[in-house]
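Comments concern the structure below.
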Amino acid sequence: MSNGRPKIVSMVFSPFPQDRVMAPFAVALATSILAILLRAMLDPVLGHVAFYVTLYMAVAFVAVVCGVLPAVLSSVVGFLGIFYWFVDPRHSFLVVRRSEIHGIVGCFLVCLVLIGLGSATRRKQLRLNDTIAALRKEGLQRQHAEQELRQAHDELELRVEERTMALSQALHSLESEVKVRQQAEQDLRRLSVRVLTMQDEERRRIARELHDSAGQTLAAIKMAVAALKFSDPKDSRLPQQLEDVNALLDEALREIRTTSYLLHPPLLDEVGLASAIRWFVEGFAQRSGIHVNCEISQHFERPSRHCELVLFRVLQESLTNVHRHSGASMADVRLSFDMDQFRLQVRDNGNGISREHLERLIATGGNAGVGIAGMRARVQELGGNFHIGSEESGTTVTVQIPATDQTFTDARSSTERNLAAKL
């Protein structure tokens, strides 16, 4: 309440703005009426003296709050009302005694003084109000400016923080990319060395197989031909010896053809990947003694020659690893075309691979054929995915290569060329 009273008093005694014309006159009229009513209430106390006391208070208030003209209006109306109702003879405007004239003159003089003082006070108060309003407006503008400055500062800090975070993420991404590229370069160098090493080992293996198989057979043929050279044409054993030489020639031809097929099966170019896989699986099962279930989708369309070669080499390498390392008795081969991608899966029931050894195989390719790293690199070159998983129940190699229109076009063109060459 103590804070509310000064505010109410300030509102009551605050001068009217100059743009409000009629309101001051209405207030002046109402104030003069209140002064008359207040004099009527005090009449039992004041009697026939101090007729214009309440009028002075009204004029002073109106002069301060409403201005000069409203104060003049309030003086005239208040004087007439008080003179008519309270000055003897009452209810009349007649002047009977000289003292009443003195009172009238004194009343107007006092009212003039009050109007002058009130008007001066009002002008000062208006200037003060204008100054306060200007200061308040300046304070609001300053507060608004400070708020905008604070908001701009917060936004700037937020932008700096976001930019710093973005730069940090970009730097982290760049560092990760650099590490990936360095690792890729190391893997590429390691793979290149491994490929060269495997080429030498493969050449050594082919040379040994040719020497141990075809070479021995050809040597036996040479000895048999040398024996026939010095034999008697009339000897009854000559047809049998010729039959033995023919059998040796068939054996040498079969061994050379088998070695050639293992290097690059002609079925892969002539009739496609599905037939080449069936042929290789049958031969692998006969040579290794491992039972292989081969499942190929009925509606399997031929991919491109490069894609066929990659899938066949993955199958060849996977089954070779099954024979050499897994100790499995059975393997499953599944080849399908689904969801616009070629999918090859090779699964065995062997011993599996430990986690540490599996990570090392994925990283370096190990010692298996051209290596897991080589298979993965060739698959990724075609935009595919290479995954190897191992459990105690066996190992699974899964390859997925996306198919495109160009893939089928290349494959169909290759098939048409092969058929035209045969015709």
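Residue numbers start at 1 in each chain; chains themselves are named A, B, ... in the order of the structure tokens; ligands are numbered from 1 in the order shown.
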| request: Mind checking which residues fall within 9 Å of Gly394 of chain A, counting only C-alpha atoms, ignoring those fewer than 2 positions away in the same chain, and posting them as a ChimeraX atom specification? | output: /A:326,328,347-353,389-392,396
Write the selection just made, keeping N, CA and C atoms, as an mmCIF file, in the first residue's frame?
```cif
data_model
loop_
_atom_site.group_PDB
_atom_site.id
_atom_site.type_symbol
_atom_site.label_atom_id
_atom_site.label_comp_id
_atom_site.auth_asym_id
_atom_site.auth_seq_id
_atom_site.Cartn_x
_atom_site.Cartn_y
_atom_site.Cartn_z
ATOM 1 N N SER A 326 39.812 -76.221 -43.105
ATOM 2 C CA SER A 326 38.638 -76.339 -42.226
ATOM 3 C C SER A 326 38.469 -77.711 -41.609
ATOM 4 N N ALA A 328 36.501 -79.902 -42.895
ATOM 5 C CA ALA A 328 35.064 -80.132 -43.038
ATOM 6 C C ALA A 328 34.816 -81.393 -43.850
ATOM 7 N N ARG A 347 29.406 -72.270 -47.470
ATOM 8 C CA ARG A 347 29.368 -72.578 -46.039
ATOM 9 C C ARG A 347 29.840 -74.006 -45.812
ATOM 10 N N ASP A 348 30.667 -74.210 -44.771
ATOM 11 C CA ASP A 348 31.166 -75.548 -44.452
ATOM 12 C C ASP A 348 30.838 -75.872 -43.005
ATOM 13 N N ASN A 349 31.021 -77.145 -42.647
ATOM 14 C CA ASN A 349 30.780 -77.603 -41.274
ATOM 15 C C ASN A 349 32.083 -77.923 -40.552
ATOM 16 N N GLY A 350 33.110 -77.144 -40.871
ATOM 17 C CA GLY A 350 34.428 -77.410 -40.318
ATOM 18 C C GLY A 350 34.623 -76.864 -38.918
ATOM 19 N N ASN A 351 35.910 -76.676 -38.583
ATOM 20 C CA ASN A 351 36.286 -76.263 -37.228
ATOM 21 C C ASN A 351 36.048 -74.779 -36.958
ATOM 22 N N GLY A 352 35.861 -73.990 -37.988
ATOM 23 C CA GLY A 352 35.705 -72.557 -37.785
ATOM 24 C C GLY A 352 37.044 -71.858 -37.637
ATOM 25 N N ILE A 353 36.998 -70.547 -37.471
ATOM 26 C CA ILE A 353 38.200 -69.725 -37.353
ATOM 27 C C ILE A 353 38.094 -68.906 -36.075
ATOM 28 N N GLY A 389 32.202 -64.909 -41.987
ATOM 29 C CA GLY A 389 31.830 -65.139 -40.598
ATOM 30 C C GLY A 389 32.167 -66.556 -40.202
ATOM 31 N N SER A 390 32.500 -66.749 -38.943
ATOM 32 C CA SER A 390 32.921 -68.057 -38.483
ATOM 33 C C SER A 390 32.377 -68.329 -37.092
ATOM 34 N N GLU A 391 31.930 -69.572 -36.898
ATOM 35 C CA GLU A 391 31.485 -70.052 -35.606
ATOM 36 C C GLU A 391 32.116 -71.420 -35.364
ATOM 37 N N GLU A 392 31.754 -72.009 -34.239
ATOM 38 C CA GLU A 392 32.271 -73.345 -33.944
ATOM 39 C C GLU A 392 31.719 -74.384 -34.911
ATOM 40 N N THR A 396 31.375 -69.271 -43.006
ATOM 41 C CA THR A 396 30.498 -68.862 -44.108
ATOM 42 C C THR A 396 31.119 -67.665 -44.817
#
```
| request: Rounded to one decimal place, report the atom CA of Tyr52 of chain A-atom CA of Arg97 of chain A distance in Å. | output: 16.9 Å
Need the shell around Leu311 of chain A: protein/DNA/RNA residues with any atom at most 12 Å away, counting only C-alpha atoms. Skip same-chain ones fewer than 3 positions apart. Format as a PDB file with C-alpha atoms, in the first residue's frame?
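Produced file result18.pdb, reproduced below:
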```pdb
ATOM      1  CA  LEU A 268      32.824 -69.958 -67.991  1.00  0.00           C
ATOM      2  CA  GLY A 272      28.171 -69.196 -68.203  1.00  0.00           C
ATOM      3  CA  LEU A 273      28.877 -69.149 -64.497  1.00  0.00           C
ATOM      4  CA  ALA A 274      26.206 -71.633 -63.409  1.00  0.00           C
ATOM      5  CA  ALA A 276      31.159 -73.683 -64.635  1.00  0.00           C
ATOM      6  CA  ILE A 277      30.303 -73.787 -60.931  1.00  0.00           C
ATOM      7  CA  ARG A 302      24.397 -64.262 -66.646  1.00  0.00           C
ATOM      8  CA  PRO A 303      26.403 -61.346 -65.314  1.00  0.00           C
ATOM      9  CA  SER A 304      29.292 -59.705 -67.154  1.00  0.00           C
ATOM     10  CA  ARG A 305      32.433 -61.661 -67.922  1.00  0.00           C
ATOM     11  CA  HIS A 306      34.435 -59.841 -65.252  1.00  0.00           C
ATOM     12  CA  CYS A 307      31.695 -60.403 -62.670  1.00  0.00           C
ATOM     13  CA  GLU A 308      31.509 -64.116 -63.581  1.00  0.00           C
ATOM     14  CA  VAL A 314      35.760 -66.488 -54.914  1.00  0.00           C
ATOM     15  CA  LEU A 315      34.138 -69.930 -55.093  1.00  0.00           C
ATOM     16  CA  GLN A 316      37.424 -71.549 -56.130  1.00  0.00           C
ATOM     17  CA  GLU A 317      39.379 -69.868 -53.338  1.00  0.00           C
ATOM     18  CA  SER A 318      36.686 -70.556 -50.718  1.00  0.00           C
ATOM     19  CA  VAL A 333      27.257 -73.595 -52.297  1.00  0.00           C
ATOM     20  CA  ARG A 334      24.352 -71.265 -53.106  1.00  0.00           C
ATOM     21  CA  LEU A 335      24.235 -68.935 -56.106  1.00  0.00           C
ATOM     22  CA  SER A 336      21.200 -66.681 -56.624  1.00  0.00           C
ATOM     23  CA  PHE A 342      24.130 -61.500 -57.411  1.00  0.00           C
ATOM     24  CA  ARG A 343      24.672 -63.466 -54.216  1.00  0.00           C
ATOM     25  CA  LEU A 344      27.176 -66.276 -53.665  1.00  0.00           C
ATOM     26  CA  GLN A 345      27.435 -68.122 -50.355  1.00  0.00           C
ATOM     27  CA  VAL A 346      29.894 -70.884 -49.414  1.00  0.00           C
ATOM     28  CA  MET A 375      38.869 -61.686 -52.845  1.00  0.00           C
ATOM     29  CA  ARG A 376      37.552 -58.721 -50.914  1.00  0.00           C
ATOM     30  CA  ARG A 378      38.087 -57.833 -56.329  1.00  0.00           C
ATOM     31  CA  VAL A 379      34.524 -57.822 -55.013  1.00  0.00           C
ATOM     32  CA  GLN A 380      34.742 -54.222 -53.828  1.00  0.00           C
ATOM     33  CA  LEU A 382      32.630 -54.198 -58.616  1.00  0.00           C
ATOM     34  CA  GLY A 384      29.933 -55.367 -53.945  1.00  0.00           C
ATOM     35  CA  ASN A 385      30.192 -56.538 -50.349  1.00  0.00           C
ATOM     36  CA  PHE A 386      32.410 -59.324 -49.047  1.00  0.00           C
ATOM     37  CA  VAL A 397      31.721 -66.677 -46.975  1.00  0.00           C
ATOM     38  CA  THR A 398      29.077 -64.366 -48.486  1.00  0.00           C
ATOM     39  CA  VAL A 399      29.517 -62.176 -51.569  1.00  0.00           C
ATOM     40  CA  GLN A 400      26.923 -59.692 -52.880  1.00  0.00           C
ATOM     41  CA  ILE A 401      27.492 -57.814 -56.154  1.00  0.00           C
TER      42      ILE A 401
END
```
| query | What's the 10 Å shell around Ser75 of chain A, counting only C-alpha atoms, without same-chain residues fewer than 4 positions away, as number ranges by chain? | reply | A: 28-29, 31-32, 52, 55-56, 58-60, 62-63, 69-71, 79-81, 107-108, 111-112, 115
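A straight line drawn from atom CA of Ser297 of chain A to atom CA of Phe337 of chain A is 7.0 Å long.
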